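Structure file data11.txt (compact mmCIF, C-alpha atoms) is printed below.
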# COMPACT_ATOMS: atom_id res chain seq x y z
CA MET A 46 0.00 0.00 0.00
CA ARG A 47 1.17 3.49 -0.88
CA LEU A 48 0.46 6.42 1.44
CA GLY A 49 -0.69 9.74 0.04
CA PHE A 50 -1.44 13.25 1.24
CA PHE A 51 -4.30 15.19 -0.34
CA THR A 52 -5.27 18.85 -0.14
CA ARG A 53 -7.99 21.10 -1.52
CA LEU A 54 -5.92 24.11 -0.39
CA LEU A 55 -8.48 25.43 2.08
CA ASP A 56 -6.31 27.09 4.71
CA ASP A 57 -8.11 30.18 6.05
CA VAL A 58 -5.75 32.68 4.37
CA PRO A 59 -5.52 34.51 1.00
CA ALA A 60 -4.84 32.44 -2.11
CA GLY A 61 -1.12 33.10 -2.35
CA GLU A 62 -0.62 32.04 1.25
CA ARG A 63 -2.73 28.94 0.65
CA TYR A 64 -0.33 27.91 -2.08
CA ARG A 65 2.69 28.52 0.12
CA LEU A 66 1.25 26.50 3.00
CA ALA A 67 0.17 23.63 0.76
CA THR A 68 3.66 23.49 -0.74
CA GLU A 69 5.12 23.28 2.76
CA GLN A 70 2.66 20.54 3.71
CA ILE A 71 3.58 18.44 0.67
CA ALA A 72 7.31 18.92 1.30
CA HIS A 73 6.70 17.89 4.92
CA ALA A 74 4.86 14.78 3.75
CA GLU A 75 7.79 13.90 1.50
CA ALA A 76 10.21 14.29 4.40
CA TYR A 77 8.12 11.84 6.42
CA GLY A 78 8.08 9.23 3.68
CA PHE A 79 4.68 9.74 2.04
CA ASP A 80 4.63 8.18 -1.42
CA THR A 81 2.23 10.56 -3.16
CA ALA A 82 0.68 14.01 -2.88
CA TRP A 83 -2.55 15.04 -4.59
CA VAL A 84 -4.26 18.37 -5.21
CA ALA A 85 -7.83 19.09 -6.25
CA GLN A 86 -9.04 21.47 -8.94
CA HIS A 87 -11.96 23.80 -8.24
CA HIS A 88 -13.14 26.79 -10.22
CA PHE A 89 -14.53 30.08 -8.89
CA ASP A 90 -15.56 29.07 -5.34
CA GLY A 91 -12.66 29.52 -2.93
CA ALA A 92 -14.67 28.02 -0.09
CA GLU A 93 -14.97 24.73 -1.98
CA GLY A 94 -11.38 24.53 -3.15
CA GLY A 95 -8.57 27.00 -3.59
CA LEU A 96 -6.85 25.84 -6.78
CA PRO A 97 -8.15 26.27 -10.36
CA ALA A 98 -4.76 25.47 -12.00
CA PRO A 99 -3.34 22.27 -10.48
CA LEU A 100 -0.66 21.65 -13.11
CA VAL A 101 0.80 25.13 -12.62
CA PHE A 102 0.88 24.58 -8.87
CA LEU A 103 2.44 21.12 -9.16
CA ALA A 104 5.22 22.53 -11.35
CA HIS A 105 6.09 24.79 -8.43
CA VAL A 106 5.90 21.90 -5.95
CA ALA A 107 8.08 19.75 -8.19
CA ALA A 108 10.90 22.26 -7.77
CA ARG A 109 10.60 21.98 -3.98
CA THR A 110 10.55 18.17 -3.84
CA SER A 111 12.60 15.32 -5.25
CA ARG A 112 10.91 11.98 -4.60
CA ILE A 113 7.21 12.21 -3.78
CA ARG A 114 4.87 11.50 -6.69
CA LEU A 115 2.57 14.39 -7.57
CA GLY A 116 -1.00 13.90 -8.72
CA THR A 117 -4.18 15.68 -9.72
CA GLY A 118 -7.24 14.68 -7.79
CA ILE A 119 -8.80 15.64 -10.14
CA ILE A 120 -8.56 17.61 -13.36
CA THR A 121 -12.17 18.39 -14.36
CA LEU A 122 -11.68 17.15 -17.90
CA PRO A 123 -14.93 18.41 -19.54
CA LEU A 124 -13.83 21.99 -18.73
CA GLU A 125 -10.40 21.59 -20.36
CA GLN A 126 -9.07 21.56 -23.91
CA PRO A 127 -7.70 17.99 -23.96
CA VAL A 128 -4.79 18.62 -26.34
CA ARG A 129 -3.59 21.40 -24.05
CA VAL A 130 -3.91 19.05 -21.06
CA ALA A 131 -1.80 16.53 -22.97
CA GLU A 132 0.87 19.15 -23.67
CA ASP A 133 0.93 20.55 -20.13
CA THR A 134 1.10 17.12 -18.51
CA ALA A 135 3.81 16.00 -20.93
CA VAL A 136 5.98 18.98 -20.00
CA LEU A 137 5.23 18.65 -16.28
CA ASP A 138 6.06 14.96 -16.26
CA LEU A 139 9.50 15.77 -17.65
CA LEU A 140 10.00 18.55 -15.12
CA THR A 141 9.11 16.19 -12.26
CA GLY A 142 11.41 13.45 -13.51
CA GLY A 143 8.47 11.16 -14.28
CA ARG A 144 6.67 11.70 -10.98
CA LEU A 145 3.30 12.85 -12.34
CA GLU A 146 0.04 10.96 -11.72
CA VAL A 147 -3.01 12.21 -13.63
CA GLY A 148 -6.40 11.86 -12.01
CA VAL A 149 -9.35 12.95 -14.14
CA GLY A 150 -13.10 13.14 -13.66
CA SER A 151 -16.28 14.61 -15.07
CA GLY A 152 -16.66 17.24 -12.34
CA GLY A 153 -19.24 17.76 -9.65
CA THR A 154 -20.15 21.47 -9.51
CA PRO A 155 -22.83 22.26 -12.12
CA ALA A 156 -22.42 26.04 -11.75
CA SER A 157 -18.82 25.84 -12.99
CA PHE A 158 -19.74 24.66 -16.47
CA ALA A 159 -21.45 27.76 -17.94
CA PRO A 160 -18.35 30.02 -17.95
CA PHE A 161 -16.57 27.37 -20.03
CA GLY A 162 -19.41 27.14 -22.55
CA HIS A 163 -20.64 23.72 -21.47
CA ASP A 164 -23.89 22.34 -20.10
CA SER A 165 -23.43 20.31 -16.93
CA ALA A 166 -26.09 17.88 -18.15
CA GLU A 167 -23.75 16.87 -21.00
CA ARG A 168 -20.64 16.44 -18.89
CA SER A 169 -20.49 12.63 -19.16
CA ALA A 170 -20.44 12.73 -22.95
CA VAL A 171 -17.90 15.58 -23.03
CA TYR A 172 -15.74 13.78 -20.48
CA ALA A 173 -15.64 10.61 -22.59
CA GLU A 174 -14.79 12.62 -25.71
CA HIS A 175 -12.02 14.62 -24.02
CA LEU A 176 -10.55 11.54 -22.34
CA ALA A 177 -10.31 9.78 -25.71
CA VAL A 178 -8.46 12.78 -27.19
CA LEU A 179 -6.09 12.92 -24.21
CA LEU A 180 -5.25 9.22 -24.40
CA ASN A 181 -4.75 9.42 -28.17
CA ALA A 182 -2.35 12.33 -27.71
CA TRP A 183 -0.27 10.50 -25.13
CA SER A 184 -0.29 7.44 -27.42
CA GLY A 185 1.33 9.45 -30.20
CA GLY A 186 -1.78 9.43 -32.38
CA ASP A 187 -2.64 11.94 -35.10
CA LEU A 188 -4.22 15.03 -33.51
CA GLY A 189 -5.29 16.46 -36.84
CA GLY A 190 -3.35 17.66 -39.85
CA GLY A 191 -0.66 15.11 -39.18
CA ASN A 192 0.26 16.72 -35.86
CA ARG A 193 1.42 14.60 -32.92
CA LEU A 194 2.12 15.46 -29.31
CA TYR A 195 5.45 17.05 -28.47
CA PRO A 196 7.09 16.28 -26.20
CA PRO A 197 5.84 12.69 -26.44
CA ALA A 198 4.45 11.27 -23.21
CA PRO A 199 3.63 7.56 -23.55
CA ARG A 200 4.48 6.96 -19.87
CA LEU A 201 1.41 8.89 -18.81
CA LEU A 202 -0.81 6.16 -20.25
CA GLU A 203 0.23 4.13 -17.19
CA ALA A 204 -0.43 7.01 -14.78
CA VAL A 205 -4.15 7.63 -15.43
CA TRP A 206 -6.70 7.52 -12.60
CA GLN A 207 -10.43 7.89 -13.12
CA ALA A 208 -12.55 9.31 -10.32
CA THR A 209 -16.13 8.10 -10.03
CA PHE A 210 -19.12 7.95 -7.73
CA SER A 211 -20.87 5.18 -9.70
CA VAL A 212 -20.66 1.49 -10.51
CA GLY A 213 -20.66 2.43 -14.19
CA GLY A 214 -17.60 4.56 -13.59
CA GLY A 215 -15.92 1.60 -11.90
CA VAL A 216 -16.65 -0.50 -14.97
CA ARG A 217 -15.21 2.19 -17.27
CA ALA A 218 -11.99 2.56 -15.26
CA GLY A 219 -11.57 -1.20 -15.03
CA GLN A 220 -12.07 -1.83 -18.75
CA ALA A 221 -9.50 0.83 -19.55
CA GLY A 222 -6.99 -0.61 -17.09
CA HIS A 223 -6.77 2.75 -15.33
CA GLY A 224 -6.57 3.45 -11.64
CA LEU A 225 -9.81 3.86 -9.68
CA MET A 226 -10.21 6.93 -7.44
CA LEU A 227 -12.70 6.73 -4.57
CA SER A 228 -13.54 9.97 -2.81
CA ARG A 229 -14.42 10.69 0.80
CA THR A 230 -17.05 13.13 -0.62
CA GLN A 231 -19.06 10.28 -2.17
CA PRO A 232 -22.73 11.38 -2.31
CA ARG A 233 -25.20 9.35 -0.28
CA PRO A 234 -28.21 7.68 -1.93
CA ALA A 235 -31.44 9.63 -1.49
CA ASP A 236 -33.08 6.62 0.12
CA ASP A 237 -30.18 6.02 2.53
CA PRO A 238 -28.51 9.36 3.34
CA GLN A 239 -26.58 7.93 6.30
CA ALA A 240 -24.96 5.04 4.42
CA THR A 241 -21.25 4.61 5.06
CA LEU A 242 -18.54 5.08 2.47
CA ALA A 243 -17.71 1.38 2.67
CA GLN A 244 -21.31 0.40 1.89
CA ILE A 245 -21.50 2.72 -1.12
CA GLN A 246 -18.03 2.03 -2.52
CA ARG A 247 -17.97 -1.76 -2.21
CA PRO A 248 -19.96 -2.35 -5.45
CA ILE A 249 -17.82 0.20 -7.29
CA VAL A 250 -14.65 -1.70 -6.35
CA ASP A 251 -16.32 -5.01 -7.25
CA ALA A 252 -17.25 -3.69 -10.70
CA TYR A 253 -13.76 -2.30 -11.27
CA LEU A 254 -12.02 -5.56 -10.40
CA GLU A 255 -14.50 -7.61 -12.43
CA HIS A 256 -13.82 -5.61 -15.60
CA LEU A 257 -10.06 -5.18 -15.25
CA PRO A 258 -8.24 -6.82 -18.21
CA ALA A 259 -6.58 -10.14 -17.50
CA GLY A 260 -3.10 -9.63 -16.11
CA ALA A 261 -3.62 -5.94 -15.35
CA ALA A 262 -2.59 -4.94 -11.85
CA PRO A 263 -5.38 -3.16 -9.96
CA ARG A 264 -4.81 0.40 -8.77
CA ILE A 265 -7.42 1.43 -6.24
CA MET A 266 -7.17 4.69 -4.32
CA ALA A 267 -9.35 5.54 -1.34
CA SER A 268 -9.33 9.09 -0.03
CA ARG A 269 -10.23 9.46 3.64
CA THR A 270 -10.29 12.28 6.19
CA ALA A 271 -7.84 11.68 9.03
CA PHE A 272 -6.81 14.30 11.56
CA VAL A 273 -4.43 13.13 14.29
CA ALA A 274 -3.44 15.23 17.29
CA ASP A 275 -1.40 14.62 20.41
CA SER A 276 -4.55 14.45 22.52
CA ARG A 277 -8.11 13.41 21.75
CA ALA A 278 -9.43 16.60 23.35
CA GLU A 279 -7.37 18.76 20.99
CA ALA A 280 -8.47 16.77 17.95
CA LEU A 281 -12.14 16.95 18.90
CA ARG A 282 -11.95 20.67 19.58
CA TYR A 283 -10.86 21.37 16.02
CA ALA A 284 -13.22 18.76 14.62
CA GLU A 285 -16.12 20.53 16.29
CA LEU A 286 -15.08 23.83 14.73
CA GLY A 287 -14.47 22.44 11.24
CA LEU A 288 -17.39 20.05 10.97
CA GLY A 289 -19.75 22.70 12.27
CA ARG A 290 -19.09 24.60 9.03
CA GLY A 291 -19.90 21.65 6.79
CA ARG A 292 -23.15 20.98 4.97
CA LEU A 293 -24.89 17.64 5.35
CA PRO A 294 -27.61 16.15 3.11
CA PHE A 295 -29.82 15.75 6.19
CA GLU A 296 -30.57 17.70 9.33
CA LEU A 297 -28.30 17.15 12.31
CA PRO A 298 -27.85 19.28 15.41
CA ASP A 299 -24.55 21.16 15.38
CA SER A 300 -24.02 20.09 18.98
CA ASP A 301 -24.02 16.38 18.15
CA LEU A 302 -20.30 16.03 17.38
CA ASP A 303 -20.18 12.23 17.39
CA ARG A 304 -22.92 12.03 14.77
CA ARG A 305 -21.29 14.72 12.66
CA ILE A 306 -17.99 12.80 12.77
CA ALA A 307 -19.83 9.70 11.56
CA ALA A 308 -21.79 11.60 8.92
CA PHE A 309 -18.65 13.17 7.44
CA ASP A 310 -16.74 9.85 7.68
CA VAL A 311 -13.99 11.55 9.67
CA HIS A 312 -11.23 9.63 11.42
CA VAL A 313 -10.13 11.89 14.26
CA GLY A 314 -8.35 11.71 17.59
CA THR A 315 -5.06 10.33 18.81
CA SER A 316 -2.99 7.96 16.69
CA GLN A 317 -4.61 4.97 18.37
CA ASP A 318 -8.11 6.39 17.84
CA VAL A 319 -7.45 6.86 14.13
CA ILE A 320 -5.79 3.46 13.74
CA GLU A 321 -8.85 1.74 15.21
CA SER A 322 -11.23 3.86 13.13
CA LEU A 323 -9.44 3.24 9.82
CA LYS A 324 -9.12 -0.49 10.53
CA ALA A 325 -12.90 -0.63 10.82
CA ASP A 326 -13.30 0.55 7.18
CA PRO A 327 -13.42 -2.64 5.06
CA THR A 328 -12.77 -0.75 1.82
CA LEU A 329 -9.21 -0.10 2.93
CA GLU A 330 -8.43 -3.82 2.89
CA ARG A 331 -8.71 -3.70 -0.92
CA VAL A 332 -6.89 -0.49 -1.82
CA THR A 333 -3.40 -0.04 -3.23
CA ASP A 334 -3.29 3.64 -2.27
CA LEU A 335 -4.56 5.23 0.93
CA VAL A 336 -4.71 9.01 0.55
CA LEU A 337 -5.37 11.07 3.67
CA GLN A 338 -6.61 14.64 4.06
CA VAL A 339 -7.68 16.95 6.89
CA HIS A 340 -10.83 18.29 5.19
CA SER A 341 -13.45 19.01 6.52
CA VAL A 342 -11.78 19.52 9.89
CA ASP A 343 -9.26 21.96 8.38
CA PRO A 344 -7.17 22.70 11.49
CA PRO A 345 -4.48 25.41 11.53
CA HIS A 346 -1.36 24.80 9.45
CA PRO A 347 0.94 23.77 12.37
CA LEU A 348 -1.54 21.07 13.34
CA VAL A 349 -1.76 19.85 9.74
CA LEU A 350 2.03 19.38 9.83
CA ARG A 351 1.81 17.55 13.16
CA SER A 352 -0.95 15.31 11.83
CA ILE A 353 1.22 14.43 8.82
CA GLU A 354 4.02 13.41 11.20
CA LEU A 355 1.75 11.22 13.33
CA LEU A 356 0.13 9.61 10.30
CA ALA A 357 3.54 8.64 8.91
CA THR A 358 5.21 7.52 12.12
CA GLU A 359 2.34 5.88 14.02
CA VAL A 360 -0.92 5.44 12.09
CA ALA A 361 0.10 4.23 8.62
CA PRO A 362 2.68 1.68 9.87
CA ALA A 363 -0.05 0.12 12.01
CA LEU A 364 -2.10 -0.31 8.82
CA GLY A 365 0.70 -2.14 7.03
CA TRP A 366 2.40 0.76 5.26
CA VAL A 367 6.18 0.61 4.92
CA PRO A 368 7.92 3.81 3.83
CA SER A 369 9.93 3.37 0.65
CA THR A 370 12.76 5.52 1.98
CA GLU A 371 14.21 6.27 5.36
CA LEU A 372 12.29 9.06 7.03
CA SER A 373 13.95 12.46 6.93
CA THR A 374 12.77 15.27 9.17
CA THR A 375 15.58 17.68 8.41
Before we go any further, please render this structure as structure tokens.
Amino acid sequence: MRLGFFTRLLDDVPAGERYRLATEQIAHAEAYGFDTAWVAQHHFDGAEGGLPAPLVFLAHVAARTSRIRLGTGIITLPLEQPVRVAEDTAVLDLLTGGRLEVGVGSGGTPASFAPFGHDSAERSAVYAEHLAVLLNAWSGGDLGGGNRLYPPAPRLLEAVWQATFSVGGGVRAGQAGHGLMLSRTQPRPADDPQATLAQIQRPIVDAYLEHLPAGAAPRIMASRTAFVADSRAEALRYAELGLGRGRLPFELPDSDLDRRIAAFDVHVGTSQDVIESLKADPTLERVTDLVLQVHSVDPPHPLVLRSIELLATEVAPALGWVPSTELSTT
């Protein structure tokens, strides 16, 4: 199992400072042996996510790091020109020394589509069309007029991850031999709004594995919220603040912290608390990549750094993770 750090760049500071803090968090994760780091893409709404240009940001992070793999979680592909995505990722992969992982998806915020000239209702069809163009470009195919991608980037064909909330998406990712990305923001069914992530994501994983080509190695990523502090009281204090700001698909008293923790699928507390909580999630027994984030708790930056340390030194090893390099905290 690989261990990853994920951020939506939501520190409670202006955008430029968000980028600086996220860069420091990723560098800190690298120093503590994390295998991967992932950033989300969100347009227009800084409260939902602070980064509209993930490839630009990762180019900056690449210059500050040397080993950790850098990924997009996700690029909203229907809102992008796919040939330009192919060119930008090809250049970035070279700049990172082949460390780029490319997660793509159809997007989840309908209001973001109009400024790009698209209808959210057509996003699945546009996503499929743009993904085909992207894969053809990386494959060295004709892009029109005899033009082919430069610089060539065939390696990226092995670095594709598809994000999905549906069984159909699991089938699509499996048939393509791509990685499967499972999100901690998975929507709940209307008839069962308090279903757990494990209950919802089990059939997606089943469908992915069933349709994976013979001989293809599965790549399954599960993103989970995990905030670890030196004391349970400290962790719960920040969880109460952060989760009180979140929106749930059903009514729940703000004062009921335990139920909010369960509703947001948050793993919070001391290292031992989080170890026990994560071990109780059966989805994690089947993943190749466990990617951890602090959203929606969103504690102050120093506590994010401390949580990264505790996840790497205490929590992840108890789950079977072995760092690929000796930890460096200098």
Quiz item: Between A:His163, A:Arg351, A:Arg47, A:Arg282, which is the closest to Ser151 of chain A once you count only C-alpha atoms?
Solution: A:His163
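Taking atom CA of Arg269 of chain A and atom CA of Asp237 of chain A as endpoints, the distance between them is 20.3 Å.
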Practice problem: Choose the residue, out of A:Asp90, A:Asp80, A:Asp133, A:Glu255, that has the smallest atom-to-atom separation from Arg112 of chain A; count only C-alpha atoms. | Solution: A:Asp80
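The smallest atom-to-atom distance between Leu55 of chain A and any of A:Arg233, A:His87, A:Arg305, A:His105, using all atoms listed in the file, is found for A:His87.
Residues in contact range of Glu174 of chain A, defined as at most 12 Å between all atoms listed in the file, with sequence neighbours fewer than 4 positions away removed, read A:Leu122, A:Pro123, A:Leu124, A:Glu125, A:Gln126, A:Pro127, A:Val128, A:Ser151, A:Glu167, A:Arg168, A:Ser169, A:Ala170, A:Val178, A:Leu179, A:Leu180, A:Asn181.
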Self-check item: For Ala267 of chain A, the nearest of the candidates A:Gly94, A:Gly143, A:Gly213, A:Gly118, counting all atoms listed in the file
Solution: A:Gly118
